[in-house]
>>> print(open('model-v7.csv').read())   # CSV, C-alpha atoms
chain,number,residue,atom,x,y,z
A,1,MET,CA,67.3,-108.8,-159.5
A,2,LYS,CA,64.5,-108.0,-157.2
A,3,ILE,CA,62.5,-104.9,-157.9
A,4,THR,CA,62.1,-103.1,-154.6
A,5,CYS,CA,59.5,-100.5,-153.7
A,6,ASP,CA,62.3,-97.8,-153.7
A,7,ILE,CA,63.1,-98.6,-157.3
A,8,ILE,CA,59.4,-98.4,-158.2
A,9,ARG,CA,58.9,-95.1,-156.4
A,10,ASP,CA,61.9,-93.7,-158.2
A,11,LEU,CA,60.2,-94.6,-161.5
A,12,ILE,CA,56.7,-93.4,-160.5
A,13,PRO,CA,57.4,-89.7,-161.4
A,14,LEU,CA,58.4,-90.8,-164.9
A,15,TYR,CA,55.4,-93.2,-165.0
A,16,THR,CA,53.0,-90.4,-164.2
A,17,ASP,CA,54.7,-88.2,-166.8
A,18,GLY,CA,54.2,-91.0,-169.4
A,19,VAL,CA,57.8,-91.0,-170.4
A,20,LEU,CA,58.8,-94.6,-169.4
A,21,SER,CA,59.5,-97.3,-172.0
A,22,ARG,CA,56.8,-99.9,-172.5
A,23,ASP,CA,58.8,-102.5,-170.5
A,24,SER,CA,59.4,-100.2,-167.6
A,25,GLU,CA,55.8,-99.0,-167.6
A,26,SER,CA,54.6,-102.6,-167.5
A,27,LEU,CA,57.0,-103.3,-164.7
A,28,VAL,CA,55.7,-100.4,-162.6
A,29,ARG,CA,52.1,-101.2,-163.4
A,30,GLU,CA,52.6,-104.9,-162.3
A,31,HIS,CA,54.1,-103.8,-159.0
A,32,LEU,CA,51.4,-101.3,-158.3
A,33,GLY,CA,48.8,-104.1,-158.7
A,34,GLN,CA,50.6,-106.0,-156.0
A,35,CYS,CA,51.7,-103.2,-153.6
A,36,SER,CA,49.1,-101.0,-152.0
A,37,GLU,CA,51.7,-98.6,-150.5
A,38,CYS,CA,53.3,-97.9,-153.8
A,39,MET,CA,49.8,-97.5,-155.3
A,40,GLU,CA,48.9,-94.9,-152.7
A,41,TYR,CA,52.3,-93.1,-153.4
A,42,CYS,CA,51.5,-93.1,-157.1
A,43,ARG,CA,48.1,-91.6,-156.4
A,44,ARG,CA,49.6,-88.8,-154.4
A,45,MET,CA,52.2,-88.2,-157.0
A,46,SER,CA,49.5,-88.0,-159.7
A,47,ALA,CA,47.5,-85.6,-157.6
A,48,ASP,CA,50.6,-83.4,-157.0
A,49,PHE,CA,51.3,-83.6,-160.7
A,50,VAL,CA,47.8,-82.4,-161.6
A,51,VAL,CA,48.0,-79.6,-159.1
A,52,GLU,CA,51.4,-78.5,-160.4
A,53,GLU,CA,50.1,-78.6,-164.0
A,54,LYS,CA,47.1,-76.5,-163.0
A,55,LYS,CA,49.5,-74.0,-161.3
A,56,LYS,CA,51.6,-73.8,-164.4
A,57,LYS,CA,48.5,-73.3,-166.6
A,58,ALA,CA,47.2,-70.6,-164.3
A,59,LEU,CA,50.5,-68.9,-164.3
A,60,ALA,CA,50.7,-69.0,-168.0
A,61,GLU,CA,47.2,-67.6,-168.3
A,62,LYS,CA,48.1,-64.8,-165.9
A,63,GLU,CA,51.2,-63.9,-167.9
A,64,SER,CA,49.1,-63.9,-171.1
A,65,LEU,CA,46.6,-61.5,-169.4
A,66,LYS,CA,49.4,-59.3,-168.3
A,67,LYS,CA,50.8,-59.2,-171.9
A,68,LEU,CA,47.3,-58.4,-173.3
A,69,LYS,CA,46.8,-55.6,-170.8
A,70,ARG,CA,50.2,-54.1,-171.6
A,71,ALA,CA,49.4,-54.3,-175.3
A,72,ILE,CA,46.0,-52.6,-174.7
A,73,VAL,CA,47.7,-49.9,-172.6
A,74,CYS,CA,50.4,-49.3,-175.3
A,75,ARG,CA,47.7,-49.1,-178.0
A,76,ARG,CA,45.7,-46.6,-176.0
A,77,MET,CA,48.8,-44.5,-175.3
A,78,ALA,CA,49.7,-44.6,-179.0
A,79,ALA,CA,46.2,-43.6,-179.9
A,80,CYS,CA,46.3,-40.7,-177.4
A,81,VAL,CA,49.7,-39.5,-178.8
A,82,ALA,CA,48.5,-39.8,-182.3
A,83,ALA,CA,45.3,-37.8,-181.4
A,84,ALA,CA,47.5,-35.1,-179.7
A,85,LEU,CA,49.8,-34.8,-182.7
A,86,CYS,CA,46.7,-34.5,-185.0
A,87,VAL,CA,45.4,-31.7,-182.8
A,88,ILE,CA,48.8,-29.9,-182.7
A,89,LEU,CA,49.2,-30.2,-186.5
A,90,ALA,CA,45.7,-29.1,-187.1
A,91,ALA,CA,46.2,-26.1,-184.8
A,92,ALA,CA,49.5,-25.3,-186.4
A,93,GLY,CA,48.0,-25.6,-189.9
A,94,GLY,CA,45.0,-23.5,-188.9
A,95,HIS,CA,47.3,-20.8,-187.5
A,96,TYR,CA,49.4,-20.8,-190.7
A,97,PHE,CA,46.4,-20.6,-193.0
A,98,TYR,CA,44.6,-18.0,-190.9
A,99,TYR,CA,47.4,-15.7,-189.8
A,100,GLU,CA,50.4,-16.2,-192.1
A,101,LYS,CA,49.4,-17.5,-195.5
A,102,GLU,CA,49.3,-14.5,-197.8
A,103,ALA,CA,47.0,-14.1,-200.7
A,104,TYR,CA,47.6,-11.9,-203.7
A,105,VAL,CA,45.4,-8.8,-204.0
A,106,SER,CA,44.7,-7.9,-207.6
A,107,MET,CA,44.4,-4.3,-208.8
A,108,GLU,CA,40.6,-4.8,-209.1
A,109,GLU,CA,40.3,-6.4,-205.6
A,110,GLY,CA,42.5,-3.7,-204.1
A,111,GLU,CA,40.6,-0.9,-206.0
A,112,ILE,CA,43.8,0.5,-207.2
A,113,SER,CA,43.4,4.0,-208.5
A,114,VAL,CA,46.0,6.4,-209.9
A,115,ASP,CA,45.9,10.2,-210.3
A,116,GLU,CA,48.6,12.8,-210.7
A,117,ASN,CA,49.3,12.9,-207.0
A,118,GLU,CA,49.0,9.4,-205.6
A,119,ILE,CA,48.2,5.8,-205.9
A,120,THR,CA,45.5,4.6,-203.5
A,121,GLY,CA,43.7,1.3,-202.7
A,122,LYS,CA,41.8,-0.7,-200.1
A,123,GLY,CA,41.9,-4.3,-198.8
A,124,ILE,CA,45.7,-4.3,-198.8
A,125,TYR,CA,47.2,-5.1,-195.4
A,126,SER,CA,50.8,-5.6,-196.4
A,127,THR,CA,52.8,-5.3,-199.6
A,128,ALA,CA,55.4,-7.4,-201.5
A,129,ASN,CA,57.8,-5.1,-203.2
A,130,CYS,CA,61.3,-4.5,-204.6
A,131,PHE,CA,63.3,-2.0,-206.6
A,132,SER,CA,65.2,-2.9,-209.7
A,133,PRO,CA,69.0,-3.1,-209.0
A,134,ASP,CA,69.6,0.3,-210.5
A,135,GLN,CA,66.5,1.7,-208.5
A,136,THR,CA,64.9,3.1,-211.6
A,137,ALA,CA,61.8,0.9,-211.3
A,138,TYR,CA,59.7,0.0,-208.2
A,139,PHE,CA,57.5,-3.1,-208.2
A,140,PHE,CA,54.8,-3.8,-205.6
A,141,CYS,CA,51.5,-5.5,-205.0
A,142,GLY,CA,49.1,-5.9,-202.1
A,143,THR,CA,48.7,-9.0,-200.0
A,144,SER,CA,46.3,-10.1,-197.3
A,145,THR,CA,45.7,-13.0,-194.9
A,146,ALA,CA,42.4,-14.5,-193.7
A,147,TYR,CA,43.0,-12.8,-190.4
A,148,SER,CA,43.8,-9.4,-191.9
A,149,ARG,CA,40.7,-9.6,-194.1
A,150,SER,CA,38.4,-10.5,-191.2
A,151,ARG,CA,40.0,-7.7,-189.1
A,152,GLY,CA,39.6,-5.2,-191.9
A,153,GLU,CA,35.8,-5.9,-192.0
A,154,GLU,CA,35.7,-4.5,-188.4
A,155,GLU,CA,37.9,-1.5,-189.0
A,156,THR,CA,37.1,1.7,-190.8
A,157,ASP,CA,40.3,2.0,-192.9
A,158,ASN,CA,39.7,-1.4,-194.5
A,159,GLY,CA,43.3,-1.8,-195.4
A,160,SER,CA,43.6,1.5,-197.2
A,161,PHE,CA,47.0,2.7,-198.3
A,162,THR,CA,48.6,5.6,-200.2
A,163,LEU,CA,51.6,6.0,-202.4
A,164,ASP,CA,52.3,9.7,-202.6
A,165,MET,CA,53.9,10.3,-206.0
A,166,THR,CA,54.2,14.1,-205.7
A,167,ASN,CA,56.5,14.1,-202.8
A,168,PHE,CA,58.1,10.7,-203.7
A,169,LEU,CA,57.1,9.2,-200.4
A,170,VAL,CA,55.6,5.8,-199.4
A,171,LEU,CA,53.0,5.9,-196.7
A,172,HIS,CA,52.6,2.6,-195.0
A,173,PRO,CA,49.1,2.1,-193.6
A,174,GLU,CA,50.1,0.0,-190.6
A,175,LYS,CA,53.5,1.3,-189.5
A,176,ASP,CA,52.6,5.0,-190.2
A,177,THR,CA,56.1,5.7,-191.5
A,178,GLU,CA,57.5,7.3,-194.6
A,179,ALA,CA,60.3,6.1,-196.9
A,180,THR,CA,61.8,8.5,-199.4
A,181,TRP,CA,61.8,7.4,-203.0
A,182,PRO,CA,65.2,7.2,-204.7
A,183,ASP,CA,66.0,10.1,-207.0
A,184,THR,CA,66.7,7.6,-209.8
A,185,LEU,CA,63.1,6.2,-209.8
A,186,THR,CA,61.3,6.6,-213.2
A,187,GLU,CA,58.6,3.9,-213.1
A,188,VAL,CA,56.2,2.3,-210.7
A,189,TYR,CA,54.6,-1.1,-211.4
A,190,TYR,CA,51.9,-3.2,-209.9
A,191,LEU,CA,52.9,-6.9,-209.9
A,192,SER,CA,50.7,-9.5,-211.6
A,193,GLU,CA,50.0,-12.6,-209.6
A,194,GLU,CA,52.6,-14.5,-211.6
A,195,GLY,CA,55.2,-11.8,-210.9
A,196,TRP,CA,54.3,-11.9,-207.2
A,197,ARG,CA,54.8,-15.6,-207.1
A,198,LYS,CA,58.2,-15.4,-208.8
A,199,LEU,CA,59.4,-12.3,-206.8
A,200,ASP,CA,61.8,-14.3,-204.7
A,201,ASP,CA,63.4,-15.7,-207.8
A,202,TYR,CA,63.9,-12.1,-209.1
A,203,PHE,CA,65.4,-11.1,-205.8
A,204,GLU,CA,67.9,-13.9,-206.2
A,205,ILE,CA,68.9,-12.7,-209.7
A,206,PHE,CA,68.9,-9.0,-208.8
A,207,PHE,CA,71.0,-9.1,-205.7
A,208,SER,CA,73.1,-12.3,-205.8
A,209,SER,CA,76.8,-11.9,-206.5
A,210,GLY,CA,78.2,-13.2,-209.7
A,211,ARG,CA,75.3,-12.2,-211.9
A,212,ASP,CA,76.3,-10.5,-215.2
A,213,GLU,CA,74.6,-7.3,-216.3
A,214,GLU,CA,72.8,-8.9,-219.3
A,215,GLU,CA,71.1,-11.5,-217.0
A,216,ILE,CA,70.0,-8.8,-214.6
A,217,THR,CA,68.7,-6.6,-217.4
A,218,ALA,CA,66.8,-9.5,-218.9
A,219,ALA,CA,65.3,-10.3,-215.5
A,220,VAL,CA,64.2,-6.7,-215.0
A,221,GLU,CA,62.5,-6.6,-218.4
A,222,GLU,CA,60.8,-10.0,-217.6
A,223,LEU,CA,59.5,-8.6,-214.3
A,224,LYS,CA,58.2,-5.5,-216.1
A,225,ALA,CA,56.3,-7.8,-218.5
A,226,ASP,CA,54.8,-9.6,-215.5
A,227,SER,CA,53.6,-6.3,-214.1
A,228,PHE,CA,51.3,-3.4,-214.8
A,229,LEU,CA,52.9,0.0,-215.3
A,230,LEU,CA,51.0,2.5,-213.0
A,231,CYS,CA,53.1,5.7,-213.5
A,232,SER,CA,56.3,7.0,-215.0
A,233,LYS,CA,58.5,10.0,-214.3
A,234,ASN,CA,58.0,13.2,-216.3
A,235,GLU,CA,60.5,15.9,-215.4
A,236,ASP,CA,60.3,16.1,-211.6
A,237,SER,CA,57.2,14.2,-210.8
A,238,LEU,CA,55.6,10.8,-211.4
A,239,VAL,CA,52.5,10.9,-213.6
A,240,PRO,CA,50.0,8.1,-214.0
A,241,GLU,CA,49.9,6.0,-217.2
A,242,THR,CA,46.7,6.1,-219.3
A,243,GLN,CA,44.6,3.2,-218.0
>>> encode(input="model-v7.csv", output="structure tokens")
Amino acid sequence: MKITCDIIRDLIPLYTDGVLSRDSESLVREHLGQCSECMEYCRRMSADFVVEEKKKKALAEKESLKKLKRAIVCRRMAACVAAALCVILAAAGGHYFYYEKEAYVSMEEGEISVDENEITGKGIYSTANCFSPDQTAYFFCGTSTAYSRSRGEEETDNGSFTLDMTNFLVLHPEKDTEATWPDTLTEVYYLSEEGWRKLDDYFEIFFSSGRDEEEITAAVEELKADSFLLCSKNEDSLVPETQ
């Protein structure tokens, strides 16, 4: 069988790709050495092949650059989001610690004083308090925040407050309102820091349904032990305890 130029030209693409068998490759090479037209065709095919490979390589590099740019943009966006979240969390944390986080004010810090008419103090901008379930004992302590303390340094009252024992009234320094003491009240206590921290637990025991009287009585006595007795009732008035 005669090997024509058409057959060789059909094989040349495979020849330039290097995928022919040894025999076929030798056949093509032998023909190219004898046929100038097929040789020129092979050169053109090789040139086209090189150009095509370069195009493929350039396209691949372009895609790689696109992927790299997208990755950089995503990382920058993630960094911006993370930074924004950090700022938000820091602002929220700062707001909480400055405006909302309450600190216990001890009797010494609050300059608590007791006489036969009233309990007074300073540096107390809000109070934590509760009555015993039978309303015979009143427990309270002063609290403050960083904001209230800084504000108090600029104001003349400096967080002053008064508990009027003679008239059985509570005078709130901020709200300027009065709340009548219950007639059953016999004792007023200032909470220790431990009692203040556990006050929510005592509320749960005092006022949750299903608690028996023994458990409530034991909780009241425990809270009294976690507090300082300021005054107790003598006939029709509350009188200070000996300090």
>>> atom_distance(input="model-v7.csv", atom1="atom CA of A:Ala82", atom2="atom CA of A:Lys67")
22.1 Å
>>> closest_atom_pairs(input="model-v7.csv", of="stretch 64-165 of chain A", to="stretch 178-196 of chain A", cutoff="8 Å", atoms="only C-alpha atoms", output="JSON lines")
{"residue": "A:Tyr104", "atom": "CA", "partner": "A:Glu193", "partner_atom": "CA", "distance": 6.4}
{"residue": "A:Ser106", "atom": "CA", "partner": "A:Glu193", "partner_atom": "CA", "distance": 7.4}
{"residue": "A:Met107", "atom": "CA", "partner": "A:Tyr190", "partner_atom": "CA", "distance": 7.7}
{"residue": "A:Ala128", "atom": "CA", "partner": "A:Trp196", "partner_atom": "CA", "distance": 7.3}
{"residue": "A:Asp134", "atom": "CA", "partner": "A:Thr184", "partner_atom": "CA", "distance": 7.9}
{"residue": "A:Gln135", "atom": "CA", "partner": "A:Leu185", "partner_atom": "CA", "distance": 5.8}
{"residue": "A:Thr136", "atom": "CA", "partner": "A:Leu185", "partner_atom": "CA", "distance": 4.0}
{"residue": "A:Ala137", "atom": "CA", "partner": "A:Glu187", "partner_atom": "CA", "distance": 4.7}
{"residue": "A:Tyr138", "atom": "CA", "partner": "A:Val188", "partner_atom": "CA", "distance": 4.9}
{"residue": "A:Phe139", "atom": "CA", "partner": "A:Tyr189", "partner_atom": "CA", "distance": 4.8}
{"residue": "A:Phe140", "atom": "CA", "partner": "A:Tyr190", "partner_atom": "CA", "distance": 5.2}
{"residue": "A:Cys141", "atom": "CA", "partner": "A:Leu191", "partner_atom": "CA", "distance": 5.3}
>>> atom_distance(input="model-v7.csv", atom1="atom CA of A:Asp201", atom2="atom CA of A:Gly110")
24.4 Å
>>> closest_residue(input="model-v7.csv", among="A:Arg22, A:His95, A:Arg76, A:Lys198", to="A:Ala219", atoms="all atoms listed in the file")
A:Lys198
>>> closest_residue(input="model-v7.csv", among="A:Ala79, A:Ala71, A:Ala146, A:Cys42", to="A:Phe97", atoms="only C-alpha atoms")
A:Ala146
>>> atom_distance(input="model-v7.csv", atom1="atom CA of A:Thr217", atom2="atom CA of A:Asp200")
16.4 Å
